Structures are given as structure tokens and as C-alpha cells.
Amino acid sequence: MKIVITQKLPFEIEKYLQGFTLDYNKTDRDLTMDELKVKISDADGLICMLSDRIDKSIIDAGQKLKVIANYAVGYNNIDVTYAGQKGIVVCNTPDVLTETTAELAVALLLSVSRRIVEGHKFVEEGKFVGWKPELLLGTDLYKKTVGIFGFGKIGQTIGRILKGFDVKILYHTRHKNFQAELLTGAEYTDFEKLLKESDFIIIAAPLNESTKHKFTINEFKLMKKTAILVNIGRGPIVKENDLYFALKEKIIRGAGLDVFEFEPKIYEGLFELNNVVMLPHIGSASEETRKAMAKLCCDSVIDVLINKNKPIYSVN
Ligand code: DGY
């Protein structure tokens, strides 16, 4: 049986998938759609990245395809409904990346609130000539209100970590979650109250029709002028040119972004601002987690193709 793996993974994949024929792109170059169509034409399984667009045309090209394992928790890059119609199981990698991604959200938040990147540049440029009472003043997290938009496992874990900062936590998601409230002490609120009352807003939601462009200039205008926005969910949840305007005109104080609307392209204007910290989508990027994600993708493929079991993390 043949498995296509679209990029090099930090895991002994050839050893783990012995017995399969592997078409393994051992580079970090994205395959083109045409390359992928050719590779997938006789494949039984596919391990793909969130940067691979697995649309109808790719799914149709995989005539023998039985399983798609996405190397990410978010799977908005895959036409899951169409894959399901074709009897293809689609899997993702939740749980193993929860803590890692939540840690990055907190790191981004503090980087913006305490101006860490600006401070680093300042030192690097040789501008540090002595301690000053008003040098690079940030804002405290302690005792503030943090609003979490999207309260799945990652959102809840962010809440649990932030409890240590003695903050008030508000959350907004599709359904009130009593168990998560007990774990984090978070309080459910409607979207408007989340916008108006939070000092920090963290987006930890998946991208779907109801979350796309949920944050536009209208929402930024409802937020506090001192508010900081962090996005570790998906880029298109935020209208990026509106965010640029809000940051430039100081409608909000700052932003920390790990994801972008048209990734890997970034709205040019953002590079001119010093109240934004930008990362190249590294939410789950720790050695331990990326290895665990790779193993999980392999296990999903083995479950479907060999054990004929429903894998634990199938999304359709
Ligand atoms: C994912 O896996 O979907 C996240 O973007 C983690 O970075």
C-alpha cells in the first residue's frame, strides 16, 4: 500500500511505516497541486500539511484513497464533506498539541503587553544606554480581564494557564461549557460583552463559516482602546487590513499574530508597525509536539489501512 507524505516530518517515519510504499517529500517545499495529483493517483493514504489545499480536484485524483491524516488540529484546508462522500476518513492531531499551542498564545500575549520584541530590537541596535523610568512601558496582565474567543481544548488550556496571573476570564463560543468553567473559572459571555469588557482577547477558534471575518473594524471599534488582540486560531477569522487600520490609528493597543489571512502573505502595512508581534504559524512547533503529531498521523493511517478501525481522531 502506498502513502504520500507531503513534507519532511521530525519523526522516523520510514521506520514507523515499514511495509508501506512511501512517496515521501523529504524537503520543506510545498508540493504543487499538479505534483500532488500525480503522486496521489495510486495512493491509499495521504499525510498532508495545513498548507496543502485538499480540495475536490485532489480528492478526485486519489482514486484509491482511503485516509487523509492532516498534520494539524485545524482542518479547514480539506474539503472534509466531499472526502466523506467518497468514503475517505479524514483525521487530525488534537490533544497532543494543546499545551504547546496554548503556551505560545500566552507567550505572544506577554510579548505584546510587555513589548518584548521592541525591547530586543532596542538592545540589538545598541540603544540601551541606561535604565530609564519611562523606557518601553508595557501593561500588566495581573488582575485584568482576558476574553477567549473559541473555548475548545486549546482555549480552555489558555484559561487554565492564565489563572496563575489572577485574571478574570470571559469566554465566548457556540455553547456554554459548564465543565470548562469549573476547570478555568471562566465566565460565558455574549460576543459583544467579550469585545467591550476584555483587556486582552485571544482567538483560539477554528475557521468555519461562522468565524470567518468575525473580527473587522466594527468589532475593533467596540474593543477597549487599550486592548490587545492575539490570534493563534486561523488568519481569516480576522480581516487583516481592518486590523492594520485599527493598530495604526490606535483604535486598539496592539496585536500578536501567529496566523494570517492570506498565509504566508502578510498585509504589507503590518511590517511598519511596532505594536504588533508576528510569528510564522508556530503554535504547535515544539520538538516533542511535532514528533507526537507525526506519530499520530501514522497511527491514523495504520488504523484505517491495516487495523480497519475507526481512528480516534477522525473528523468525519
Ligand atoms: C494547528 O495544528 O491547526 C495549529 O495551527 C497549530 O499551530
# chains A, B, ... in the order shown; residues from 1 in each chain; ligands from 1
$ closest_atom_pairs --of "chain A" --to "ligand 1" --cutoff "9 Å" --atoms "only C-alpha atoms and all ligand atoms" --output "tab-separated table"
residue	atom	partner	partner_atom_place_in_ligand_line	distance
A:Leu50	CA	ligand 1	3 (O)	7.0
A:Asn70	CA	ligand 1	2 (O)	8.7
A:Tyr71	CA	ligand 1	2 (O)	6.7
A:Ala72	CA	ligand 1	2 (O)	3.2
A:Val73	CA	ligand 1	3 (O)	4.0
A:Gly74	CA	ligand 1	3 (O)	3.7
A:Tyr75	CA	ligand 1	3 (O)	6.8
A:Asn76	CA	ligand 1	3 (O)	8.8
A:Asn92	CA	ligand 1	2 (O)	8.2
A:Thr93	CA	ligand 1	2 (O)	7.0
A:Pro94	CA	ligand 1	2 (O)	7.6
A:Leu97	CA	ligand 1	6 (C)	7.0
A:Thr98	CA	ligand 1	6 (C)	8.5
A:Thr100	CA	ligand 1	6 (C)	8.5
A:Thr101	CA	ligand 1	6 (C)	6.1
A:Pro206	CA	ligand 1	3 (O)	8.1
A:Ile232	CA	ligand 1	5 (O)	6.9
A:Gly233	CA	ligand 1	5 (O)	6.3
A:Arg234	CA	ligand 1	5 (O)	6.9
A:Asp258	CA	ligand 1	7 (O)	8.0
A:Val259	CA	ligand 1	5 (O)	7.6
A:His281	CA	ligand 1	7 (O)	5.8
A:Ile282	CA	ligand 1	7 (O)	5.3
A:Gly283	CA	ligand 1	7 (O)	3.6
A:Ser284	CA	ligand 1	7 (O)	4.2
A:Ala285	CA	ligand 1	7 (O)	6.8
A:Met293	CA	ligand 1	2 (O)	8.9
$ select_by_dssp --residues "range 142-191 of chain A" --states "alpha helix (DSSP H)" --output "JSON, numbers by chain"
{"A": [153, 154, 155, 156, 157, 158, 159, 160, 161, 162, 178, 179, 180, 181, 182, 183, 184, 191]}
$ select_by_dssp --residues "range 18-264 of chain A" --states "strand (DSSP E or B)" --output "ChimeraX atom specification"
/A:21-24,45-48,54,67-70,78,89-91,145-149,168-172,187-188,200-203,215,228-231,238,254-257,262
$ residues_around --residues "Ser111 in chain A" --least-positions-apart "5" --cutoff "10 Å" --atoms "only C-alpha atoms" --output "PDB file with C-alpha atoms, in the first residue's frame"
ATOM      1  CA  ALA A 105      -0.682  32.086  22.912  1.00  0.00           C
ATOM      2  CA  VAL A 106       0.441  33.206  26.378  1.00  0.00           C
ATOM      3  CA  ILE A 116       9.480  42.080  24.404  1.00  0.00           C
ATOM      4  CA  VAL A 117      10.313  42.230  20.697  1.00  0.00           C
ATOM      5  CA  GLU A 118      10.666  46.009  20.725  1.00  0.00           C
ATOM      6  CA  GLY A 119      12.978  45.637  23.730  1.00  0.00           C
ATOM      7  CA  GLY A 138       4.005  47.985  28.828  1.00  0.00           C
ATOM      8  CA  ALA A 255      -1.764  42.556  18.467  1.00  0.00           C
ATOM      9  CA  GLY A 256       0.107  39.265  18.494  1.00  0.00           C
ATOM     10  CA  VAL A 276       2.299  44.070  16.502  1.00  0.00           C
ATOM     11  CA  VAL A 277       4.311  40.882  17.069  1.00  0.00           C
TER      12      VAL A 277
END
$ closest_residue --among "A:Leu31, A:Lys291, A:Glu240, A:Phe200" --to "Glu12 in chain A" --atoms "only C-alpha atoms"
A:Lys291
$ atom_distance --atom1 "CA of His172 in chain A" --atom2 "CA of Lys193 in chain A"
9.2 Å
$ residues_around --residues "Leu136 in chain A" --least-positions-apart "3" --cutoff "12 Å" --atoms "only C-alpha atoms" --output "VMD selection string"
chain A and resid 112 to 123 128 131 to 133 139 274 to 275
$ atom_distance --atom1 "CA of Phe220 in chain A" --atom2 "CA of Gln156 in chain A"
23.5 Å
$ atom_distance --atom1 "CA of Thr173 in chain A" --atom2 "CA of Arg253 in chain A"
24.0 Å
$ closest_residue --among "A:Lys265, A:Lys8, A:His213, A:Lys221" --to "Phe245 in chain A" --atoms "only C-alpha atoms"
A:Lys221
$ closest_residue --among "A:Phe178, A:Lys64, A:Glu209, A:Met1" --to "Gly19 in chain A" --atoms "only C-alpha atoms"
A:Met1
$ closest_residue --among "A:Val38, A:Ala107, A:Ile68, A:Leu195" --to "Leu305 in chain A" --atoms "only C-alpha atoms"
A:Ile68
$ closest_residue --among "A:Gly150, A:Tyr171, A:Arg29, A:Asp60" --to "Leu207 in chain A" --atoms "only C-alpha atoms"
A:Gly150
$ closest_residue --among "A:Gln18, A:Ser286, A:Ser51, A:Thr184" --to "Phe262 in chain A" --atoms "only C-alpha atoms"
A:Ser51
